[in-house]
file coords33.txt (compact mmCIF, C-alpha atoms and all ligand atoms)
# COMPACT_ATOMS: atom_id res chain seq x y z
CA MET A 9 213.44 -183.03 105.79
CA SER A 10 214.21 -181.05 102.62
CA GLU A 11 211.19 -179.62 100.79
CA LEU A 12 213.10 -179.74 97.51
CA THR A 13 212.29 -182.20 94.73
CA PHE A 14 215.09 -183.33 92.44
CA LEU A 15 214.07 -184.42 88.96
CA SER A 16 215.83 -185.35 85.73
CA ASP A 17 212.88 -185.55 83.33
CA ILE A 18 211.75 -183.16 80.67
CA SER A 19 208.05 -183.58 79.89
CA VAL A 20 206.09 -182.52 76.81
CA THR A 21 202.31 -182.93 76.74
CA GLU A 22 199.97 -182.09 73.90
CA ILE A 23 197.36 -179.42 74.68
CA GLN A 24 195.67 -179.00 71.28
CA SER A 25 196.25 -179.46 67.57
CA MET A 26 194.87 -178.34 64.23
CA GLY A 27 195.44 -179.86 60.77
CA GLY A 28 197.29 -182.97 59.67
CA ASP A 29 198.84 -184.50 56.56
CA TRP A 30 195.63 -183.67 54.66
CA SER A 31 196.16 -179.93 55.31
CA VAL A 32 199.74 -180.09 53.98
CA ALA A 33 198.47 -181.63 50.73
CA ALA A 34 195.43 -179.33 50.58
CA ALA A 35 197.62 -176.22 50.88
CA ALA A 36 199.62 -177.40 47.85
CA LYS A 37 196.48 -178.15 45.84
CA VAL A 38 195.18 -174.59 46.29
CA SER A 39 197.54 -173.41 43.55
CA ILE A 40 196.21 -175.82 40.91
CA ASN A 41 192.89 -177.22 42.05
CA PRO A 42 191.27 -175.20 44.85
CA GLY A 43 188.13 -177.34 44.67
CA GLU A 44 190.14 -180.46 45.47
CA ALA A 45 191.82 -178.58 48.32
CA LEU A 46 188.41 -177.75 49.78
CA GLU A 47 187.32 -181.35 49.41
CA LEU A 48 190.43 -182.53 51.29
CA ALA A 49 189.70 -180.01 54.05
CA ARG A 50 186.14 -181.39 54.27
CA THR A 51 187.08 -185.09 54.33
CA GLU A 52 190.55 -184.88 55.94
CA GLU A 53 191.36 -187.81 53.65
CA THR A 54 194.98 -188.98 53.55
CA GLU A 55 194.59 -191.71 50.92
CA GLY A 56 196.59 -190.89 47.79
CA ILE A 57 198.51 -187.87 49.10
CA LYS A 58 201.76 -189.58 50.12
CA GLY A 59 203.55 -188.86 46.81
CA LEU A 60 202.58 -185.19 46.90
CA ILE A 61 203.81 -184.82 50.48
CA ASN A 62 207.12 -186.52 49.63
CA TYR A 63 207.53 -184.10 46.72
CA LEU A 64 206.69 -181.00 48.78
CA ILE A 65 209.15 -181.88 51.54
CA LYS A 66 211.95 -182.95 49.20
CA GLN A 67 211.51 -179.74 47.18
CA ARG A 68 211.33 -177.63 50.37
CA HIS A 69 207.90 -176.25 49.49
CA GLY A 70 207.74 -175.06 53.08
CA SER A 71 204.68 -172.81 53.20
CA CYS A 72 202.40 -175.87 52.72
CA LEU A 73 203.59 -177.01 56.16
CA GLU A 74 202.37 -173.85 57.87
CA HIS A 75 198.57 -174.36 57.74
CA ASN A 76 198.38 -176.30 60.96
CA SER A 77 199.24 -175.82 64.60
CA ILE A 78 200.13 -177.80 67.69
CA THR A 79 200.41 -176.62 71.28
CA PHE A 80 202.54 -178.34 73.92
CA TYR A 81 202.86 -177.97 77.67
CA VAL A 82 206.54 -178.29 78.56
CA HIS A 83 207.99 -178.86 82.02
CA ALA A 84 211.76 -178.41 81.98
CA PRO A 85 214.58 -176.59 83.76
CA LEU A 86 215.43 -172.99 82.84
CA PHE A 87 218.63 -173.99 81.06
CA VAL A 88 216.48 -175.91 78.57
CA PHE A 89 213.96 -173.05 78.18
CA ARG A 90 216.79 -170.65 77.52
CA GLU A 91 217.71 -172.65 74.40
CA TRP A 92 214.12 -173.48 73.45
CA HIS A 93 213.06 -169.81 73.46
CA ARG A 94 215.63 -169.05 70.77
CA HIS A 95 213.18 -170.63 68.32
CA ARG A 96 211.33 -167.45 67.42
CA ILE A 97 208.75 -168.93 65.07
CA ALA A 98 206.54 -170.02 67.95
CA SER A 99 204.21 -168.51 70.54
CA TYR A 100 205.19 -168.90 74.17
CA ASN A 101 203.62 -168.35 77.58
CA GLU A 102 205.72 -169.26 80.60
CA TYR A 103 205.17 -169.56 84.34
CA SER A 104 206.10 -166.26 85.99
CA GLY A 105 208.58 -166.03 88.82
CA ARG A 106 207.53 -162.41 89.10
CA TYR A 107 203.80 -162.93 89.68
CA SER A 108 204.09 -166.37 91.34
CA LYS A 109 206.41 -168.09 93.76
CA MET A 110 208.82 -170.52 92.14
CA LEU A 111 208.36 -174.18 93.03
CA PRO A 112 211.17 -176.15 94.67
CA GLU A 113 211.83 -178.47 91.73
CA PHE A 114 215.44 -178.75 90.62
CA TRP A 115 217.15 -180.72 87.86
CA VAL A 116 219.99 -183.13 88.56
CA PRO A 117 221.68 -185.26 85.90
CA PRO A 118 220.27 -188.78 85.53
CA LEU A 119 222.56 -191.77 85.87
CA GLY A 120 224.04 -192.38 82.43
CA ARG A 121 224.09 -188.70 81.36
CA ASN A 122 227.56 -188.14 79.87
CA LEU A 123 229.21 -185.44 81.97
CA LEU A 124 232.80 -185.01 80.82
CA PRO A 125 234.17 -183.55 77.55
CA VAL A 126 235.94 -186.20 75.44
CA GLU A 127 239.64 -185.97 74.63
CA GLY A 128 240.12 -183.42 71.84
CA TYR A 129 236.74 -181.83 72.59
CA LYS A 130 235.65 -179.34 69.92
CA ALA A 131 232.96 -176.74 70.60
CA ALA A 132 231.63 -177.20 67.05
CA ARG A 133 231.08 -180.92 67.66
CA PRO A 134 230.63 -181.21 71.41
CA GLN A 135 230.90 -184.78 72.61
CA PHE A 136 230.90 -186.08 76.16
CA LYS A 137 231.85 -189.26 77.95
CA ALA A 138 230.56 -190.95 81.08
CA ALA A 139 231.82 -189.94 84.51
CA THR A 140 232.93 -192.51 87.04
CA GLN A 141 230.36 -193.30 89.75
CA GLU A 142 232.42 -191.18 92.16
CA GLN A 143 232.47 -188.21 89.77
CA PHE A 144 228.73 -188.59 89.12
CA ASP A 145 227.90 -188.74 92.84
CA TRP A 146 230.06 -185.70 93.60
CA LEU A 147 228.32 -183.60 90.95
CA VAL A 148 224.81 -184.64 91.99
CA ASP A 149 225.60 -183.89 95.65
CA ASP A 150 227.13 -180.55 94.72
CA ILE A 151 224.15 -179.52 92.56
CA LYS A 152 221.76 -180.55 95.35
CA ALA A 153 223.73 -178.59 97.95
CA GLY A 154 223.68 -175.52 95.69
CA ALA A 155 219.92 -175.84 95.18
CA GLU A 156 219.28 -176.22 98.94
CA ASP A 157 221.33 -173.10 99.56
CA ASP A 158 219.65 -171.10 96.74
CA TRP A 159 216.21 -172.18 97.93
CA ALA A 160 216.91 -171.24 101.57
CA ARG A 161 218.05 -167.77 100.47
CA TYR A 162 214.93 -167.38 98.29
CA GLN A 163 212.67 -168.32 101.21
CA GLU A 164 214.54 -165.98 103.55
CA ARG A 165 214.15 -163.06 101.11
CA LEU A 166 210.42 -163.79 100.69
CA SER A 167 209.93 -164.04 104.45
CA ARG A 168 211.57 -160.61 104.83
CA GLY A 169 208.97 -159.23 102.43
CA TYR A 170 211.06 -158.75 99.31
CA ALA A 171 209.17 -158.91 96.02
CA ASN A 172 209.10 -162.21 94.11
CA GLU A 173 211.00 -160.63 91.22
CA VAL A 174 214.03 -159.74 93.32
CA ALA A 175 213.87 -162.65 95.77
CA ARG A 176 214.27 -165.12 92.90
CA VAL A 177 217.25 -163.61 91.09
CA SER A 178 219.93 -166.00 92.30
CA LEU A 179 217.99 -169.24 91.84
CA GLY A 180 220.01 -171.51 89.56
CA LEU A 181 219.34 -172.39 85.93
CA ASN A 182 218.41 -175.92 87.04
CA ILE A 183 215.12 -174.81 88.64
CA TYR A 184 212.10 -176.08 86.69
CA SER A 185 209.61 -173.89 84.88
CA LYS A 186 206.57 -174.58 82.71
CA MET A 187 205.38 -173.16 79.43
CA TRP A 188 202.90 -173.49 76.61
CA VAL A 189 204.43 -173.36 73.16
CA THR A 190 202.49 -173.30 69.90
CA SER A 191 203.92 -173.57 66.42
CA ASN A 192 203.33 -175.05 62.97
CA LEU A 193 204.89 -178.11 61.38
CA ARG A 194 207.41 -176.13 59.35
CA ALA A 195 208.83 -174.44 62.43
CA TRP A 196 208.72 -177.69 64.42
CA LEU A 197 210.79 -179.42 61.74
CA ASN A 198 213.34 -176.62 61.93
CA PHE A 199 213.39 -177.12 65.71
CA LEU A 200 213.84 -180.90 65.35
CA SER A 201 216.53 -180.51 62.72
CA LEU A 202 218.58 -178.39 65.15
CA ARG A 203 217.68 -180.06 68.45
CA THR A 204 218.08 -183.75 67.61
CA HIS A 205 221.29 -185.58 66.83
CA GLU A 206 220.97 -187.96 63.88
CA PRO A 207 224.27 -189.16 62.38
CA GLU A 208 222.51 -189.94 59.07
CA ALA A 209 220.85 -186.53 58.73
CA LEU A 210 221.88 -184.22 55.87
CA PHE A 211 222.92 -181.70 58.50
CA VAL A 212 224.19 -183.29 61.73
CA SER A 213 223.45 -181.21 64.81
CA TYR A 214 224.96 -181.60 68.28
CA PRO A 215 222.26 -180.40 70.68
CA MET A 216 222.37 -180.45 74.45
CA ALA A 217 221.00 -183.76 75.75
CA GLU A 218 218.12 -182.21 77.71
CA ILE A 219 216.69 -180.14 74.85
CA GLU A 220 217.02 -183.23 72.67
CA GLN A 221 214.93 -185.14 75.25
CA GLY A 222 212.21 -182.51 74.79
CA ALA A 223 212.61 -182.52 71.00
CA ARG A 224 212.24 -186.32 70.84
CA LEU A 225 208.95 -186.07 72.76
CA VAL A 226 207.77 -183.35 70.35
CA GLU A 227 208.79 -185.56 67.42
CA ALA A 228 206.79 -188.53 68.74
CA ILE A 229 203.62 -186.41 69.02
CA LEU A 230 204.14 -184.82 65.59
CA THR A 231 204.52 -188.30 64.12
CA GLU A 232 201.08 -189.24 65.49
CA HIS A 233 199.48 -186.19 63.84
CA PHE A 234 201.52 -186.00 60.61
CA PRO A 235 202.72 -189.58 59.91
CA LEU A 236 203.18 -189.05 56.14
CA SER A 237 204.92 -185.70 56.48
CA MET A 238 207.22 -186.97 59.22
CA ALA A 239 208.13 -190.07 57.19
CA ALA A 240 208.84 -187.87 54.14
CA TRP A 241 210.96 -185.49 56.22
CA ASN A 242 212.98 -188.39 57.67
CA ALA A 243 213.51 -189.85 54.19
CA ALA A 244 214.62 -186.44 52.88
CA GLY A 245 217.34 -186.15 55.57
CA ARG A 246 215.58 -184.22 58.37
CA HIS A 247 216.53 -180.83 56.93
CA SER A 248 215.09 -177.39 57.75
CA ILE A 249 212.46 -176.51 55.17
C1 LIG A 301 223.83 -176.93 68.51
C2 LIG A 301 223.43 -175.47 68.67
C3 LIG A 301 224.31 -174.58 69.25
C4 LIG A 301 223.94 -173.24 69.41
N1 LIG A 301 224.83 -172.38 70.00
C5 LIG A 301 224.49 -171.09 70.18
C6 LIG A 301 225.39 -170.17 70.81
O1 LIG A 301 226.49 -170.53 71.19
N2 LIG A 301 224.99 -168.88 70.99
C7 LIG A 301 223.78 -168.44 70.54
O2 LIG A 301 223.46 -167.26 70.71
N3 LIG A 301 222.91 -169.29 69.95
C8 LIG A 301 223.22 -170.59 69.76
N4 LIG A 301 222.33 -171.45 69.16
C9 LIG A 301 221.00 -170.94 68.77
C10 LIG A 301 220.87 -170.74 67.26
O3 LIG A 301 221.75 -169.73 66.80
C11 LIG A 301 219.42 -170.36 66.91
O4 LIG A 301 219.10 -169.12 67.54
C12 LIG A 301 218.40 -171.38 67.36
O5 LIG A 301 218.81 -172.68 67.01
C13 LIG A 301 217.04 -171.08 66.73
O6 LIG A 301 217.10 -171.42 65.37
P1 LIG A 301 216.35 -170.60 64.26
O7 LIG A 301 216.80 -169.16 64.25
O8 LIG A 301 216.50 -171.37 62.98
O9 LIG A 301 214.82 -170.73 64.75
P2 LIG A 301 213.65 -169.68 64.64
O10 LIG A 301 213.95 -168.46 65.40
O11 LIG A 301 212.40 -170.44 65.01
O12 LIG A 301 213.61 -169.28 63.13
C14 LIG A 301 213.18 -170.22 62.12
C15 LIG A 301 213.67 -169.73 60.77
O13 LIG A 301 213.04 -168.48 60.49
C16 LIG A 301 213.95 -167.61 59.82
N5 LIG A 301 214.18 -166.44 60.66
C17 LIG A 301 213.74 -166.23 61.95
N6 LIG A 301 214.10 -165.03 62.37
C18 LIG A 301 214.82 -164.46 61.37
C19 LIG A 301 215.50 -163.22 61.23
N7 LIG A 301 215.54 -162.32 62.20
N8 LIG A 301 216.13 -162.98 60.08
C20 LIG A 301 216.10 -163.87 59.07
N9 LIG A 301 215.52 -165.08 59.13
C21 LIG A 301 214.86 -165.36 60.27
C22 LIG A 301 215.23 -168.42 59.62
O14 LIG A 301 215.15 -169.07 58.38
C23 LIG A 301 215.17 -169.45 60.72
O15 LIG A 301 215.90 -170.63 60.46
C24 LIG A 301 222.67 -172.78 68.97
C25 LIG A 301 221.79 -173.70 68.38
C26 LIG A 301 222.16 -175.02 68.23
C27 LIG A 301 221.18 -175.99 67.60

call {"tool": "encode", "arguments": {"input": "coords33.txt", "output": "structure tokens", "more": "lines below"}}
Ligand SMILES: Cc1cc2nc3c(=O)[nH]c(=O)nc-3n(C[C@H](O)[C@H](O)[C@H](O)COP(=O)(O)OP(=O)(O)OC[C@H]3O[C@@H](n4cnc5c(N)ncnc54)[C@H](O)[C@@H]3O)c2cc1C
result
Amino acid sequence: MSELTFLSDISVTEIQSMGGDWSVAAAAKVSINPGEALELARTEETEGIKGLINYLIKQRHGSCLEHNSITFYVHAPLFVFREWHRHRIASYNEYSGRYSKMLPEFWVPPLGRNLLPVEGYKAARPQFKAATQEQFDWLVDDIKAGAEDDWARYQERLSRGYANEVARVSLGLNIYSKMWVTSNLRAWLNFLSLRTHEPEALFVSYPMAEIEQGARLVEAILTEHFPLSMAAWNAAGRHSI
């Protein structure tokens, strides 16, 4: 029996967080009333700060969104990490295929993932349509066969004593990895603005489905920690700040 696991999920789990809506408002108050800012930091009170937060986000007073932090554990295939790591305003630590053996976890598309470019496909607005069941099955079987082959070669190279870092080089982009990523609300909003598709947003982005899956999980956790800021950002059109 194959030792490979085929998955389609992207998972995002919170590790730790610092700050909240109160720290967004407190950072703004430093410029006019530092005593009130300190009081907010002491009480973490969110009563009466909604209007200020709406104003800050609408006016793109971005630095007030930087005095906080949230760390996520992300489990996703390499083709998602490759896009995620382009977001430079973040701190990353990733599982090492050089110091550790890779795990036999490979991504396959889930049923319902649109797989074919639409008629008149434009790279600037990439849109995809569903495959037939036959087309879907062919692709999944082909990806699985490729992964089985890649994995067998990896194992063979390791068993012949080659170093992890060279044995792994032809594993496909659909192998899973894991990372910790830490950033502040301002940078997360930039990430969400680019990696979620919202037709009503001021700027409409067309991200790859799998990074959007990750971004939606990030958004749900941010909304728990920063409900007022997230509501204000949504109302303002989900723009980069
Ligand atoms: C739909 C989509 C398609 C894409 N296609 C491609 C592609 O085909 N090829 C490709 O290479 N990339 C592509 N990208 C990646 C894209 O160009 C960005 O690298 C990525 O989205 C990270 O965005 P960012 O630079 O705003 O984020 P971050 O790196 O987190 O930066 C956040 C903000 O900090 C500021 N900043 C950071 N670094 C600098 C700097 N060096 N100079 C000035 N300001 C800085 C900017 O204001 C930036 O918006 C694509 C992204 C999306 C969303």

call {"tool": "atom_distance", "arguments": {"input": "coords33.txt", "atom1": "atom CA of A:Ala45", "atom2": "atom CA of A:Ile57"}}
result
11.5 Å

call {"tool": "closest_residue", "arguments": {"input": "coords33.txt", "among": "A:Gly70, A:Pro215, A:Gly105, A:Pro235", "to": "ligand LIG 301 (chain A)", "atoms": "all atoms listed in the file"}}
result
A:Pro215

call {"tool": "residues_near_ligand", "arguments": {"input": "coords33.txt", "ligand": "ligand LIG 301 (chain A)", "cutoff": "6 Å", "atoms": "all atoms listed in the file", "output": "list in words"}}
result
Arg94, His95, Arg96, Ile97, Ala195, Leu202, Arg203, Ser213, Tyr214 and Pro215 of chain A

call {"tool": "write_last_selection", "arguments": {"input": "coords33.txt", "atoms": "C-alpha atoms", "output": "PDB file, keeping the file's coordinate frame"}}
result
ATOM      1  CA  ARG A  94     215.630-169.050  70.770  1.00  0.00           C
ATOM      2  CA  HIS A  95     213.180-170.630  68.320  1.00  0.00           C
ATOM      3  CA  ARG A  96     211.330-167.450  67.420  1.00  0.00           C
ATOM      4  CA  ILE A  97     208.750-168.930  65.070  1.00  0.00           C
ATOM      5  CA  ALA A 195     208.830-174.440  62.430  1.00  0.00           C
ATOM      6  CA  LEU A 202     218.580-178.390  65.150  1.00  0.00           C
ATOM      7  CA  ARG A 203     217.680-180.060  68.450  1.00  0.00           C
ATOM      8  CA  SER A 213     223.450-181.210  64.810  1.00  0.00           C
ATOM      9  CA  TYR A 214     224.960-181.600  68.280  1.00  0.00           C
ATOM     10  CA  PRO A 215     222.260-180.400  70.680  1.00  0.00           C
TER      11      PRO A 215
END

call {"tool": "closest_residue", "arguments": {"input": "coords33.txt", "among": "A:Glu173, A:Ser104, A:His205, A:Ser77", "to": "A:Gln135", "atoms": "all atoms listed in the file"}}
result
A:His205

call {"tool": "residues_near_point", "arguments": {"input": "coords33.txt", "point": "(213.5, -164.6, 98.5)", "cutoff": "12 Å", "atoms": "only C-alpha atoms", "output": "number ranges by chain"}}
result
A: 105-106, 108-110, 157-179

call {"tool": "residues_around", "arguments": {"input": "coords33.txt", "residues": "A:Val116", "least_positions_apart": "3", "cutoff": "7 Å", "atoms": "all atoms listed in the file", "output": "mmCIF file with C-alpha atoms, in the frame of the given file"}}
result
data_model
loop_
_atom_site.group_PDB
_atom_site.id
_atom_site.type_symbol
_atom_site.label_atom_id
_atom_site.label_comp_id
_atom_site.auth_asym_id
_atom_site.auth_seq_id
_atom_site.Cartn_x
_atom_site.Cartn_y
_atom_site.Cartn_z
ATOM 1 C CA PHE A 14 215.090 -183.330 92.440
ATOM 2 C CA LEU A 15 214.070 -184.420 88.960
ATOM 3 C CA SER A 16 215.830 -185.350 85.730
ATOM 4 C CA VAL A 148 224.810 -184.640 91.990
ATOM 5 C CA ILE A 151 224.150 -179.520 92.560
#
